[in-house]
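Asker: See coords32.cif below, with mmCIF, C-alpha atoms.
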data_input
#
loop_
_atom_site.label_atom_id
_atom_site.label_comp_id
_atom_site.auth_asym_id
_atom_site.auth_seq_id
_atom_site.Cartn_x
_atom_site.Cartn_y
_atom_site.Cartn_z
CA MET X 1 -21.33 37.11 -14.02
CA ILE X 2 -22.32 38.56 -10.62
CA GLY X 3 -23.60 36.48 -7.69
CA GLY X 4 -27.35 37.00 -8.12
CA ALA X 5 -27.31 36.37 -11.85
CA ARG X 6 -25.18 33.26 -11.37
CA PHE X 7 -27.61 31.93 -8.75
CA ARG X 8 -30.58 32.52 -11.07
CA LEU X 9 -28.81 30.82 -13.98
CA VAL X 10 -27.97 27.78 -11.82
CA ALA X 11 -31.61 27.63 -10.67
CA VAL X 12 -32.88 27.58 -14.28
CA LEU X 13 -30.31 24.93 -15.28
CA LEU X 14 -31.21 22.73 -12.30
CA LEU X 15 -34.88 23.07 -13.17
CA LEU X 16 -34.19 22.00 -16.75
CA VAL X 17 -32.11 18.99 -15.69
CA THR X 18 -34.85 17.90 -13.27
CA LEU X 19 -37.58 18.39 -15.87
CA HIS X 20 -35.52 16.36 -18.36
CA PHE X 21 -35.96 13.25 -16.23
CA LEU X 22 -39.34 14.15 -14.72
CA LEU X 23 -41.14 14.87 -18.00
CA ARG X 24 -39.47 12.29 -20.26
CA PRO X 25 -42.12 9.59 -19.71
CA PHE X 26 -44.81 12.09 -20.74
CA LEU X 27 -43.07 13.51 -23.81
CA GLY X 28 -43.93 10.61 -26.11
CA ASP X 29 -41.56 9.29 -28.77
CA ALA X 30 -38.00 9.68 -27.46
CA ARG X 31 -36.73 10.29 -31.01
CA ILE X 32 -38.49 13.65 -31.23
CA ALA X 33 -38.93 14.63 -27.58
CA PRO X 34 -37.01 17.80 -26.62
CA ASP X 35 -33.62 17.20 -25.03
CA LEU X 36 -33.70 19.46 -21.98
CA LEU X 37 -30.24 18.36 -20.82
CA LEU X 38 -28.73 19.64 -24.06
CA LEU X 39 -30.90 22.74 -23.81
CA ALA X 40 -29.49 23.44 -20.33
CA LEU X 41 -25.99 23.11 -21.75
CA MET X 42 -26.69 25.55 -24.60
CA ILE X 43 -28.36 28.08 -22.29
CA TYR X 44 -25.28 27.91 -20.07
CA ALA X 45 -22.95 28.07 -23.08
CA ILE X 46 -24.42 31.28 -24.50
CA GLN X 47 -23.70 32.93 -21.14
CA ALA X 48 -20.24 31.48 -20.53
CA ARG X 49 -16.71 31.57 -21.90
CA PRO X 50 -16.00 29.00 -24.63
CA GLY X 51 -13.57 27.07 -22.40
CA ASP X 52 -16.07 26.79 -19.54
CA ALA X 53 -18.81 25.82 -22.02
CA ALA X 54 -16.54 23.09 -23.42
CA ILE X 55 -15.99 21.67 -19.92
CA ALA X 56 -19.74 21.79 -19.24
CA GLY X 57 -20.34 20.09 -22.58
CA PHE X 58 -17.86 17.35 -21.75
CA VAL X 59 -19.57 16.71 -18.40
CA VAL X 60 -23.09 16.71 -19.89
CA GLY X 61 -21.85 14.44 -22.68
CA LEU X 62 -20.39 11.95 -20.22
CA VAL X 63 -23.70 11.93 -18.36
CA ALA X 64 -25.57 11.29 -21.63
CA ASP X 65 -23.08 8.54 -22.51
CA ALA X 66 -23.58 6.93 -19.11
CA LEU X 67 -27.33 6.88 -19.70
CA THR X 68 -26.98 5.27 -23.14
CA PRO X 69 -23.55 3.64 -23.30
CA VAL X 70 -23.95 2.41 -26.87
CA ALA X 71 -21.09 4.61 -28.11
CA PHE X 72 -19.41 5.77 -24.91
CA GLY X 73 -17.43 8.97 -25.51
CA ALA X 74 -19.38 10.01 -28.60
CA GLY X 75 -21.78 12.05 -26.49
CA ALA X 76 -18.91 13.72 -24.65
CA LEU X 77 -17.27 14.62 -27.96
CA ALA X 78 -20.52 15.97 -29.42
CA HIS X 79 -21.55 17.98 -26.37
CA THR X 80 -18.04 19.45 -26.02
CA CYS X 81 -18.22 20.69 -29.62
CA VAL X 82 -21.75 22.06 -29.18
CA GLY X 83 -20.90 23.79 -25.90
CA TYR X 84 -17.75 25.39 -27.26
CA LEU X 85 -19.32 26.45 -30.56
CA ALA X 86 -22.42 27.87 -28.85
CA ALA X 87 -20.27 30.00 -26.54
CA TRP X 88 -18.02 31.05 -29.41
CA GLY X 89 -21.01 31.73 -31.65
CA LYS X 90 -22.58 33.92 -28.99
CA ALA X 91 -19.66 36.31 -29.26
CA VAL X 92 -20.11 36.49 -33.04
CA PHE X 93 -23.90 36.50 -33.36
CA PHE X 94 -24.96 38.22 -30.11
CA ALA X 95 -27.16 35.34 -29.09
CA GLU X 96 -28.74 37.14 -26.16
CA SER X 97 -31.90 37.52 -28.26
CA ILE X 98 -34.58 34.83 -28.28
CA PRO X 99 -34.84 34.34 -32.10
CA VAL X 100 -31.09 33.93 -32.51
CA SER X 101 -30.95 31.64 -29.48
CA ALA X 102 -33.73 29.51 -30.99
CA GLY X 103 -31.59 29.12 -34.10
CA PHE X 104 -28.68 28.11 -31.89
CA PHE X 105 -30.77 25.48 -30.13
CA LEU X 106 -31.97 24.11 -33.46
CA ALA X 107 -28.51 23.93 -35.00
CA GLY X 108 -26.87 22.74 -31.77
CA THR X 109 -29.25 19.79 -31.33
CA TRP X 110 -28.85 18.68 -34.92
CA LEU X 111 -25.04 19.06 -34.73
CA ARG X 112 -24.98 17.03 -31.51
CA ASP X 113 -26.88 14.18 -33.18
CA LEU X 114 -24.61 14.36 -36.23
CA VAL X 115 -21.41 14.05 -34.16
CA VAL X 116 -22.85 11.31 -31.92
CA LEU X 117 -23.93 9.26 -34.93
CA LEU X 118 -20.68 9.75 -36.82
CA ALA X 119 -18.52 9.03 -33.79
CA GLY X 120 -20.71 6.08 -32.80
CA ARG X 121 -20.71 4.52 -36.28
CA HIS X 122 -23.54 2.18 -35.34
CA LEU X 123 -25.98 3.11 -38.06
CA GLY X 124 -25.72 2.23 -41.72
CA GLU X 125 -25.55 4.92 -44.38
CA ARG X 126 -29.27 5.10 -45.16
CA MET X 127 -30.33 4.81 -41.54
CA LEU X 128 -27.94 7.63 -40.75
CA LEU X 129 -29.47 9.80 -43.46
CA TRP X 130 -32.97 8.97 -42.26
CA GLN X 131 -32.01 9.86 -38.69
CA LEU X 132 -30.34 13.12 -39.71
CA ALA X 133 -32.98 14.14 -42.23
CA VAL X 134 -36.09 13.29 -40.23
CA TRP X 135 -35.72 12.46 -36.54
CA SER X 136 -32.89 14.84 -35.65
CA PRO X 137 -34.53 17.92 -37.25
CA LEU X 138 -37.79 17.09 -35.44
CA LYS X 139 -35.94 16.71 -32.14
CA ALA X 140 -34.04 19.94 -32.87
CA LEU X 141 -37.34 21.70 -33.53
CA THR X 142 -38.98 20.53 -30.29
CA THR X 143 -35.82 21.39 -28.36
CA ALA X 144 -35.76 24.87 -29.92
CA VAL X 145 -39.43 25.40 -29.06
CA ALA X 146 -38.75 24.29 -25.48
CA GLY X 147 -35.77 26.66 -25.42
CA VAL X 148 -37.87 29.59 -26.60
CA ILE X 149 -40.43 28.85 -23.88
CA VAL X 150 -37.72 28.70 -21.22
CA LEU X 151 -36.09 31.92 -22.44
CA ALA X 152 -39.46 33.67 -22.60
CA LEU X 153 -40.39 32.52 -19.09
CA PHE X 154 -37.02 33.38 -17.55
CA ARG X 155 -36.14 36.31 -19.83
CA ARG X 156 -35.23 38.62 -16.98
CA TRP X 157 -33.37 36.00 -15.00
CA LEU X 158 -31.27 35.06 -18.01
CA GLY X 159 -30.88 38.59 -19.34
CA VAL X 160 -32.09 37.90 -22.89
CA ARG X 161 -33.84 40.24 -25.32
CA SER X 162 -37.14 39.23 -26.90
CA THR X 163 -36.12 40.45 -30.40
CA GLY X 164 -33.09 40.12 -32.61
CA MET L 1 6.06 41.38 -24.40
CA THR L 2 3.11 40.39 -22.16
CA PRO L 3 0.04 39.10 -24.05
CA ALA L 4 -3.24 41.01 -23.62
CA PRO L 5 -5.72 39.45 -21.11
CA ASP L 6 -8.22 38.68 -23.90
CA THR L 7 -5.59 36.80 -25.87
CA LEU L 8 -4.71 34.81 -22.74
CA GLY L 9 -8.38 34.03 -22.14
CA SER L 10 -8.88 32.98 -25.71
CA ARG L 11 -5.80 30.76 -25.58
CA ARG L 12 -7.03 29.19 -22.34
CA ASP L 13 -10.43 28.51 -23.94
CA SER L 14 -8.80 26.82 -26.92
CA ILE L 15 -6.55 24.69 -24.70
CA VAL L 16 -9.50 23.62 -22.53
CA PHE L 17 -11.55 22.80 -25.65
CA VAL L 18 -8.80 20.67 -27.16
CA LEU L 19 -8.26 18.95 -23.80
CA CYS L 20 -11.97 18.10 -23.55
CA LEU L 21 -11.94 16.79 -27.12
CA LEU L 22 -8.92 14.61 -26.35
CA LEU L 23 -10.58 13.23 -23.21
CA SER L 24 -13.71 12.48 -25.23
CA VAL L 25 -11.70 10.62 -27.86
CA VAL L 26 -9.90 8.67 -25.13
CA ALA L 27 -13.28 7.76 -23.60
CA ARG L 28 -14.57 6.70 -27.04
CA LEU L 29 -11.53 4.53 -27.77
CA ALA L 30 -11.29 3.01 -24.29
CA PRO L 31 -12.13 -0.71 -24.07
CA PRO L 32 -15.63 -1.64 -22.83
CA ALA L 33 -14.07 -2.94 -19.61
CA VAL L 34 -13.00 0.64 -18.82
CA GLN L 35 -16.11 2.37 -20.19
CA ALA L 36 -18.65 0.26 -18.26
CA PRO L 37 -17.36 1.06 -14.74
CA ILE L 38 -17.24 4.79 -15.58
CA ALA L 39 -20.81 4.72 -16.89
CA ASP L 40 -21.94 2.72 -13.85
CA ALA L 41 -20.21 5.12 -11.47
CA ILE L 42 -21.95 8.11 -13.07
CA VAL L 43 -25.33 6.37 -13.14
CA HIS L 44 -25.08 5.38 -9.48
CA SER L 45 -23.77 8.69 -8.18
CA VAL L 46 -24.82 11.99 -9.78
CA LEU L 47 -27.56 10.44 -11.90
CA ALA L 48 -29.06 8.22 -9.20
CA PRO L 49 -31.57 10.77 -7.85
CA PHE L 50 -32.59 11.86 -11.36
CA LEU L 51 -33.08 8.30 -12.60
CA TYR L 52 -35.04 7.53 -9.43
CA LEU L 53 -37.20 10.52 -10.29
CA GLN L 54 -37.71 9.27 -13.85
CA GLU L 55 -38.51 5.77 -12.62
CA GLN L 56 -41.09 7.13 -10.17
CA THR L 57 -42.63 9.25 -12.92
CA GLU L 58 -42.92 6.14 -15.10
CA VAL L 59 -44.60 4.33 -12.22
CA VAL L 60 -46.97 7.25 -11.67
CA ARG L 61 -47.81 7.31 -15.37
CA ALA L 62 -48.43 3.56 -15.41
CA SER L 63 -50.48 3.73 -12.19
CA ARG L 64 -52.56 6.48 -13.67
CA SER L 65 -53.20 4.41 -16.77
CA ARG L 66 -54.17 1.39 -14.66
CA TYR L 67 -56.46 3.52 -12.53
CA LEU L 68 -58.17 4.93 -15.58
CA ALA L 69 -58.52 1.46 -17.07
CA THR L 70 -60.20 0.15 -13.92
CA VAL L 71 -62.54 3.08 -13.71
CA GLY L 72 -63.32 2.68 -17.39
CA LEU L 73 -64.25 -0.98 -16.99
CA ARG L 74 -66.37 -0.37 -13.90
CA ASP L 75 -68.21 2.63 -15.11
CA SER L 76 -69.63 2.38 -18.60
CA VAL L 77 -70.10 6.13 -18.78
CA LEU L 78 -66.38 6.63 -18.62
CA THR L 79 -65.66 4.16 -21.43
CA ARG L 80 -66.11 7.04 -23.86
CA ALA L 81 -63.06 8.65 -22.32
CA MET L 82 -61.20 5.42 -23.03
CA THR L 83 -61.50 5.98 -26.76
CA VAL L 84 -58.63 8.41 -26.59
CA GLU L 85 -56.26 6.47 -28.78
CA GLY L 86 -53.06 6.87 -26.77
CA LEU L 87 -54.70 5.92 -23.50
CA GLU L 88 -56.41 2.92 -25.06
CA LEU L 89 -53.14 1.69 -26.49
CA GLU L 90 -51.38 2.11 -23.15
CA ASN L 91 -54.14 0.22 -21.35
CA GLN L 92 -53.99 -2.51 -23.95
CA ARG L 93 -50.25 -2.83 -23.49
CA LEU L 94 -50.50 -2.99 -19.71
CA ARG L 95 -53.31 -5.56 -19.84
CA SER L 96 -51.43 -7.75 -22.29
CA LEU L 97 -48.29 -7.41 -20.15
CA LEU L 98 -50.24 -8.58 -17.10
CA GLY L 99 -51.75 -11.41 -19.15
CA LEU L 100 -48.39 -12.58 -20.42
CA SER L 101 -46.95 -12.34 -16.92
CA ARG L 102 -49.60 -14.81 -15.68
CA ARG L 103 -49.03 -17.22 -18.58
CA LEU L 104 -45.25 -17.37 -18.30
CA ALA L 105 -44.08 -20.56 -16.64
CA VAL L 106 -40.59 -19.23 -16.08
CA ARG L 107 -39.33 -16.85 -13.36
CA HIS L 108 -39.51 -13.23 -14.51
CA VAL L 109 -39.67 -9.63 -13.35
CA SER L 110 -41.44 -6.61 -14.82
CA ALA L 111 -39.51 -3.46 -15.63
CA GLU L 112 -40.02 0.04 -16.90
CA LEU L 113 -37.95 1.22 -19.87
CA LEU L 114 -36.27 4.53 -19.07
CA HIS L 115 -36.07 6.10 -22.53
CA GLN L 116 -33.18 8.54 -23.07
CA ALA L 117 -32.45 11.40 -25.44
CA LEU L 118 -29.39 10.43 -27.50
CA PRO L 119 -30.08 9.18 -31.05
CA THR L 120 -28.36 5.90 -30.13
CA ALA L 121 -31.10 5.30 -27.52
CA SER L 122 -33.02 3.30 -30.12
CA LEU L 123 -30.28 0.64 -29.89
CA ALA L 124 -30.21 0.14 -26.12
CA ALA L 125 -32.47 0.90 -23.17
CA ARG L 126 -32.06 1.28 -19.46
CA LEU L 127 -34.39 -0.88 -17.36
CA SER L 128 -35.66 -0.04 -13.88
CA VAL L 129 -34.68 -3.35 -12.23
CA GLY L 130 -31.31 -4.95 -11.56
CA GLU L 131 -29.48 -7.64 -9.60
CA ASP L 132 -31.71 -7.11 -6.57
CA ALA L 133 -34.62 -8.44 -8.62
CA GLY L 134 -32.64 -11.39 -9.93
CA VAL L 135 -31.74 -9.89 -13.30
CA ALA L 136 -28.50 -11.23 -14.80
CA VAL L 137 -26.42 -10.48 -17.88
CA GLY L 138 -27.84 -12.35 -20.88
CA ALA L 139 -31.42 -12.42 -19.60
CA PRO L 140 -33.96 -12.04 -22.44
CA VAL L 141 -36.18 -8.94 -22.41
CA ILE L 142 -39.65 -9.54 -23.83
CA THR L 143 -43.01 -7.87 -24.27
CA PRO L 144 -46.43 -9.44 -24.91
CA GLN L 145 -45.68 -9.07 -28.62
CA GLY L 146 -42.33 -10.86 -28.52
CA LEU L 147 -38.59 -10.43 -28.18
CA LEU L 148 -37.29 -6.94 -27.41
CA GLY L 149 -33.64 -7.56 -26.55
CA VAL L 150 -31.18 -8.97 -24.05
CA VAL L 151 -29.63 -7.65 -20.83
CA GLN L 152 -26.10 -6.48 -21.59
CA SER L 153 -25.01 -5.20 -18.19
CA VAL L 154 -26.59 -5.09 -14.80
CA SER L 155 -26.11 -3.22 -11.55
CA ARG L 156 -27.85 -3.43 -8.19
CA ASN L 157 -31.07 -1.72 -9.20
CA GLN L 158 -30.78 -1.14 -12.94
CA ALA L 159 -29.93 -2.97 -16.12
CA LEU L 160 -28.94 -2.03 -19.64
CA ALA L 161 -30.64 -3.95 -22.44
CA LEU L 162 -29.31 -4.35 -25.96
CA LEU L 163 -32.37 -4.02 -28.20
CA TRP L 164 -32.85 -6.10 -31.35
CA THR L 165 -32.10 -2.97 -33.39
CA HIS L 166 -28.46 -3.00 -32.21
CA PRO L 167 -26.04 -4.13 -34.95
CA ASP L 168 -24.47 -6.68 -32.55
CA PHE L 169 -27.80 -8.36 -31.79
CA ARG L 170 -28.20 -11.99 -32.94
CA VAL L 171 -30.69 -14.70 -32.06
CA SER L 172 -31.12 -18.25 -33.26
CA ALA L 173 -34.61 -18.44 -34.77
CA MET L 174 -36.98 -20.96 -36.29
CA THR L 175 -40.43 -21.25 -37.81
CA ARG L 176 -43.24 -22.35 -35.49
CA ASP L 177 -43.10 -26.03 -36.54
CA GLY L 178 -39.32 -26.06 -36.08
CA SER L 179 -38.69 -27.12 -39.68
CA VAL L 180 -36.58 -24.10 -40.67
CA PHE L 181 -33.77 -22.58 -38.65
CA GLY L 182 -31.63 -19.48 -39.16
CA ILE L 183 -29.97 -16.58 -37.42
CA ALA L 184 -32.08 -13.43 -36.98
CA ALA L 185 -30.21 -10.13 -36.95
CA PRO L 186 -31.11 -6.49 -37.60
CA ARG L 187 -31.08 -5.71 -41.31
CA GLY L 188 -29.34 -2.46 -40.44
CA SER L 189 -28.51 -0.18 -43.30
CA SER L 190 -31.19 -1.09 -45.82
CA GLY L 191 -32.97 2.28 -45.79
CA PRO L 192 -35.79 3.99 -43.96
CA ASN L 193 -37.59 0.66 -43.69
CA ALA L 194 -34.58 -0.80 -41.95
CA MET L 195 -36.42 -1.33 -38.71
CA VAL L 196 -36.69 -4.94 -39.78
CA LEU L 197 -34.72 -8.08 -39.09
CA GLU L 198 -33.36 -10.64 -41.48
CA LEU L 199 -33.33 -14.40 -41.06
CA ARG L 200 -29.99 -15.53 -42.41
CA GLY L 201 -28.57 -18.87 -43.38
CA VAL L 202 -31.81 -20.66 -44.30
CA PRO L 203 -30.95 -23.60 -46.59
CA TYR L 204 -31.88 -22.84 -50.21
CA GLN L 205 -34.14 -25.88 -50.55
CA GLN L 206 -36.30 -24.83 -47.60
CA GLU L 207 -38.77 -22.26 -48.88
CA VAL L 208 -40.62 -20.34 -46.20
CA PRO L 209 -43.97 -18.79 -47.20
CA LEU L 210 -44.44 -15.08 -46.61
CA GLY L 211 -46.40 -14.41 -43.44
CA THR L 212 -44.74 -17.24 -41.52
CA ALA L 213 -44.12 -16.42 -37.87
CA VAL L 214 -40.56 -16.72 -36.60
CA TYR L 215 -39.73 -17.69 -33.01
CA THR L 216 -36.57 -18.06 -30.96
CA SER L 217 -35.25 -21.59 -31.32
CA GLY L 218 -33.74 -22.01 -27.87
CA LEU L 219 -30.43 -22.96 -29.43
CA GLY L 220 -27.25 -21.18 -28.48
CA GLY L 221 -25.12 -23.33 -26.28
CA THR L 222 -25.47 -24.48 -22.70
CA ASP L 223 -26.08 -20.91 -21.49
CA GLY L 224 -29.44 -21.02 -23.32
CA VAL L 225 -29.73 -17.26 -23.61
CA TYR L 226 -33.15 -17.21 -25.29
CA PRO L 227 -35.82 -19.74 -24.36
CA ARG L 228 -37.54 -21.52 -27.24
CA GLY L 229 -40.73 -19.92 -28.49
CA ILE L 230 -40.47 -16.14 -28.09
CA PRO L 231 -41.96 -14.44 -31.19
CA VAL L 232 -39.26 -12.66 -33.18
CA GLY L 233 -41.37 -11.46 -36.10
CA THR L 234 -43.08 -12.37 -39.35
CA ILE L 235 -41.48 -13.07 -42.71
CA ILE L 236 -42.50 -10.36 -45.17
CA ASP L 237 -40.09 -10.79 -48.08
CA ILE L 238 -37.19 -12.72 -49.52
CA GLY L 239 -33.83 -10.98 -49.28
CA GLU L 240 -30.54 -12.03 -50.78
CA GLU L 241 -30.12 -15.49 -52.26
CA GLN L 242 -26.92 -17.45 -52.62
CA GLU L 243 -27.80 -19.64 -55.59
CA GLY L 244 -28.10 -23.26 -54.52
CA TRP L 245 -26.78 -22.53 -51.07
CA SER L 246 -28.86 -20.34 -48.72
CA ARG L 247 -31.54 -17.67 -48.55
CA THR L 248 -32.06 -14.63 -46.39
CA TYR L 249 -35.61 -13.66 -45.43
CA ILE L 250 -36.79 -10.21 -44.36
CA VAL L 251 -38.62 -10.32 -41.04
CA ARG L 252 -40.94 -7.65 -39.69
CA ALA L 253 -40.07 -7.51 -36.00
CA ALA L 254 -42.74 -8.46 -33.49
CA VAL L 255 -41.82 -5.54 -31.25
CA ALA L 256 -41.32 -1.85 -32.11
CA PRO L 257 -38.88 -0.66 -29.42
CA ALA L 258 -39.92 3.00 -29.62
CA SER L 259 -43.43 2.20 -28.43
CA VAL L 260 -42.42 0.01 -25.50
CA SER L 261 -42.66 1.46 -22.01
CA HIS L 262 -42.89 -1.75 -19.96
CA ALA L 263 -41.18 -5.09 -20.47
CA ILE L 264 -40.61 -8.45 -18.81
CA ILE L 265 -37.16 -9.83 -18.05
CA LEU L 266 -36.87 -13.61 -17.85
CA THR L 267 -34.76 -14.60 -14.86
CA GLY L 268 -35.39 -18.35 -14.78
CA PRO L 269 -33.94 -21.23 -16.81
CA ALA L 270 -34.53 -21.23 -20.56
CA VAL L 271 -37.57 -23.47 -21.11
CA ASP L 272 -40.03 -23.60 -24.01
CA ILE L 273 -42.48 -20.74 -23.51
CA ARG L 274 -44.25 -20.82 -26.88
CA THR L 275 -47.66 -21.39 -25.29
CA ALA L 276 -47.41 -18.17 -23.27
CA PHE L 277 -47.61 -16.26 -26.54
CA THR L 278 -49.76 -18.54 -28.67
CA GLU L 279 -52.54 -18.93 -26.05
CA ALA L 280 -53.32 -15.24 -26.33
CA GLU L 281 -53.44 -15.45 -30.12
CA GLY L 282 -55.71 -18.50 -30.07
CA ILE L 283 -53.11 -20.66 -31.80
CA PRO L 284 -53.35 -24.31 -30.70
#
Take the structure in this file and express it as structure tokens.
Answerer:
Amino acid sequence: MIGGARFRLVAVLLLLVTLHFLLRPFLGDARIAPDLLLLALMIYAIQARPGDAAIAGFVVGLVADALTPVAFGAGALAHTCVGYLAAWGKAVFFAESIPVSAGFFLAGTWLRDLVVLLAGRHLGERMLLWQLAVWSPLKALTTAVAGVIVLALFRRWLGVRSTG
Amino acid sequence: MTPAPDTLGSRRDSIVFVLCLLLSVVARLAPPAVQAPIADAIVHSVLAPFLYLQEQTEVVRASRSRYLATVGLRDSVLTRAMTVEGLELENQRLRSLLGLSRRLAVRHVSAELLHQALPTASLAARLSVGEDAGVAVGAPVITPQGLLGVVQSVSRNQALALLWTHPDFRVSAMTRDGSVFGIAAPRGSSGPNAMVLELRGVPYQQEVPLGTAVYTSGLGGTDGVYPRGIPVGTIIDIGEEQEGWSRTYIVRAAVAPASVSHAIILTGPAVDIRTAFTEAEGIP
């Protein structure tokens, strides 16, 4: 990635991280509000090498764990997997297009929740199913919508195509 | 034979990935005494400006609600705008919080709940006040509706509260007249309606009618974690029965954590504060 493109990517990621904290009080129910921190990770991951995306995922996961230390380490594990798989998946699915990226965001958010909940082991079986069948898909959907908006707004900066 | 650059890159990626996974597992398996300082260090370094931002946004949101409430009361024309359901609810919450704050005879501080994104966030919440405001580990966290949780860890300007939904949460509870005692704990894995508590260990002979309100009993050793008289919930059903021995009752919690944006942390000694809640409900 050349200097200008790198700078623009960092600017978008910083904006997302700031908005994550700035907008959270206004986004309503935390269970379905879009996770802009995870979105920033996935946008970075689809532009980076899998190893770098895994490191970024680990860092973002630790940050998420520090914010909610109910199952410390589970977030790091989940975000590492999502970061690595998103970067690896990009190479396979050519995720530079907005529709494919939206699918990535959807699947990535749900997968993150799955790994966090399994690694955390704090919820009972039915609660886990309820979380994974209802709340996580809704959160994944809002995160994907937010991702599509970000990609559409910063299409040129991020070098994505508007079609598959 | 020298490996191709792509193969080297791919191998490096895999090694880094496995390394990150291992570090994550180590972090997950580390004892709480190791995890807590790491979390605190992150919260008070890289995350400090962002959490400050979130806290200020919460304050701005609350200030805006208060401003709108005042304008709405003063100017009858604007009361129509107050019918917006969300705004009305927020105003109601803030007013009841202020009302409870006046009625409480024990030292306390108000705090904003900084909701986070992980699915486990429904089990614990970060609060916007800490040691500087007199908050200590074990301090009860309440709302005008009742008990929300307990402070698990505290730093200079923030605290982490374990909510009643957390599997480790327990509180000694009783009926209003103090005739029936038990231990209230989250029911946990009983299905989609599992956002309820259960009152365990009630002697079999003591039948509690459905609809009975359950309060904290104030029991729990010399530390007196929970003062007597904080509403815990209302009995809605009978759970498991151990024939001739004890009953478990299902309790609808007084507080729904997802809807809470402001709370009160009790910082004074654990005294009976039943009247602070019952006055508002018109209960003698």
Asker: Would you mind listing what lies within 10 Å of segment 103-111 of chain X as a PyMOL selection string, with all atoms listed in the file counted and same-chain residues fewer than 5 positions away left out?
Answerer: chain X and resi 34-35+38-39+41-43+46+78-79+81-83+85-86+89-90+93+95+98+116-117+132-133+135-148
Asker: I need the residue nearest chain X from this list: L:Arg170, L:Gln206, L:Leu266, L:Ala258. Use only C-alpha atoms for the distance.
Answerer: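 Looking at the shortest contact to chain X, the residue is L:Ala258.
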Asker: Which residues of chain X are close to chain L, meaning at most 7 Å apart when you count all atoms listed in the file, and how do they look as a CSV table (one decimal) with C-alpha atoms, in the coordinates of the input?
Answerer:
chain,number,residue,atom,x,y,z
X,18,THR,CA,-34.8,17.9,-13.3
X,21,PHE,CA,-36.0,13.2,-16.2
X,22,LEU,CA,-39.3,14.2,-14.7
X,25,PRO,CA,-42.1,9.6,-19.7
X,29,ASP,CA,-41.6,9.3,-28.8
X,30,ALA,CA,-38.0,9.7,-27.5
X,31,ARG,CA,-36.7,10.3,-31.0
X,35,ASP,CA,-33.6,17.2,-25.0
X,50,PRO,CA,-16.0,29.0,-24.6
X,51,GLY,CA,-13.6,27.1,-22.4
X,54,ALA,CA,-16.5,23.1,-23.4
X,55,ILE,CA,-16.0,21.7,-19.9
X,58,PHE,CA,-17.9,17.4,-21.8
X,63,VAL,CA,-23.7,11.9,-18.4
X,66,ALA,CA,-23.6,6.9,-19.1
X,67,LEU,CA,-27.3,6.9,-19.7
X,68,THR,CA,-27.0,5.3,-23.1
X,70,VAL,CA,-24.0,2.4,-26.9
X,71,ALA,CA,-21.1,4.6,-28.1
X,72,PHE,CA,-19.4,5.8,-24.9
X,73,GLY,CA,-17.4,9.0,-25.5
X,74,ALA,CA,-19.4,10.0,-28.6
X,76,ALA,CA,-18.9,13.7,-24.6
X,77,LEU,CA,-17.3,14.6,-28.0
X,80,THR,CA,-18.0,19.4,-26.0
X,84,TYR,CA,-17.8,25.4,-27.3
X,113,ASP,CA,-26.9,14.2,-33.2
X,122,HIS,CA,-23.5,2.2,-35.3
X,123,LEU,CA,-26.0,3.1,-38.1
X,124,GLY,CA,-25.7,2.2,-41.7
X,125,GLU,CA,-25.6,4.9,-44.4
X,126,ARG,CA,-29.3,5.1,-45.2
X,127,MET,CA,-30.3,4.8,-41.5
X,130,TRP,CA,-33.0,9.0,-42.3
Asker: Provide an axis-aligned box for all listed atoms of segment 120-134 of chain X, padding each side by 4 Å; report its centre and its edge lengths in Å to one decimal, as AutoDock Vina command-line options.
Answerer:
--center_x -28.4 --center_y 8.2 --center_z -39.0 --size_x 23.4 --size_y 20.0 --size_z 20.4
Asker: So what does the PyMOL selection byres ((chain L and resi 207-220) around 6) actually pick up in this one, as a list in words?
Answerer: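 The output of the PyMOL selection byres ((chain L and resi 207-220) around 6) on this file is Ser172, Ala173, Met174, Thr175, Gln206, Gly221, Gly224, Tyr226, Pro227, Arg228, Gly229, Ile230, Pro231, Val232, Gly233, Thr234, Ile235 and Ile236 of chain L.
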Asker: What does the distance from atom CA of Gln158 of chain L to atom CA of Val109 of chain L come to in Å, to one decimal?
Answerer: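 Value for the atom CA of Gln158 of chain L-atom CA of Val109 of chain L distance: 12.3 Å.
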Asker: Please work out which residues fall within 7 Å of (-29.9, -1.5, -9.2), coordinates as given in the file, with all atoms listed in the file counting, and return them as a list in words.
Answerer: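 Looking at atoms near the point gives Val129, Gly130, Glu131, Asp132, Ser155, Arg156, Asn157 and Gln158 of chain L.
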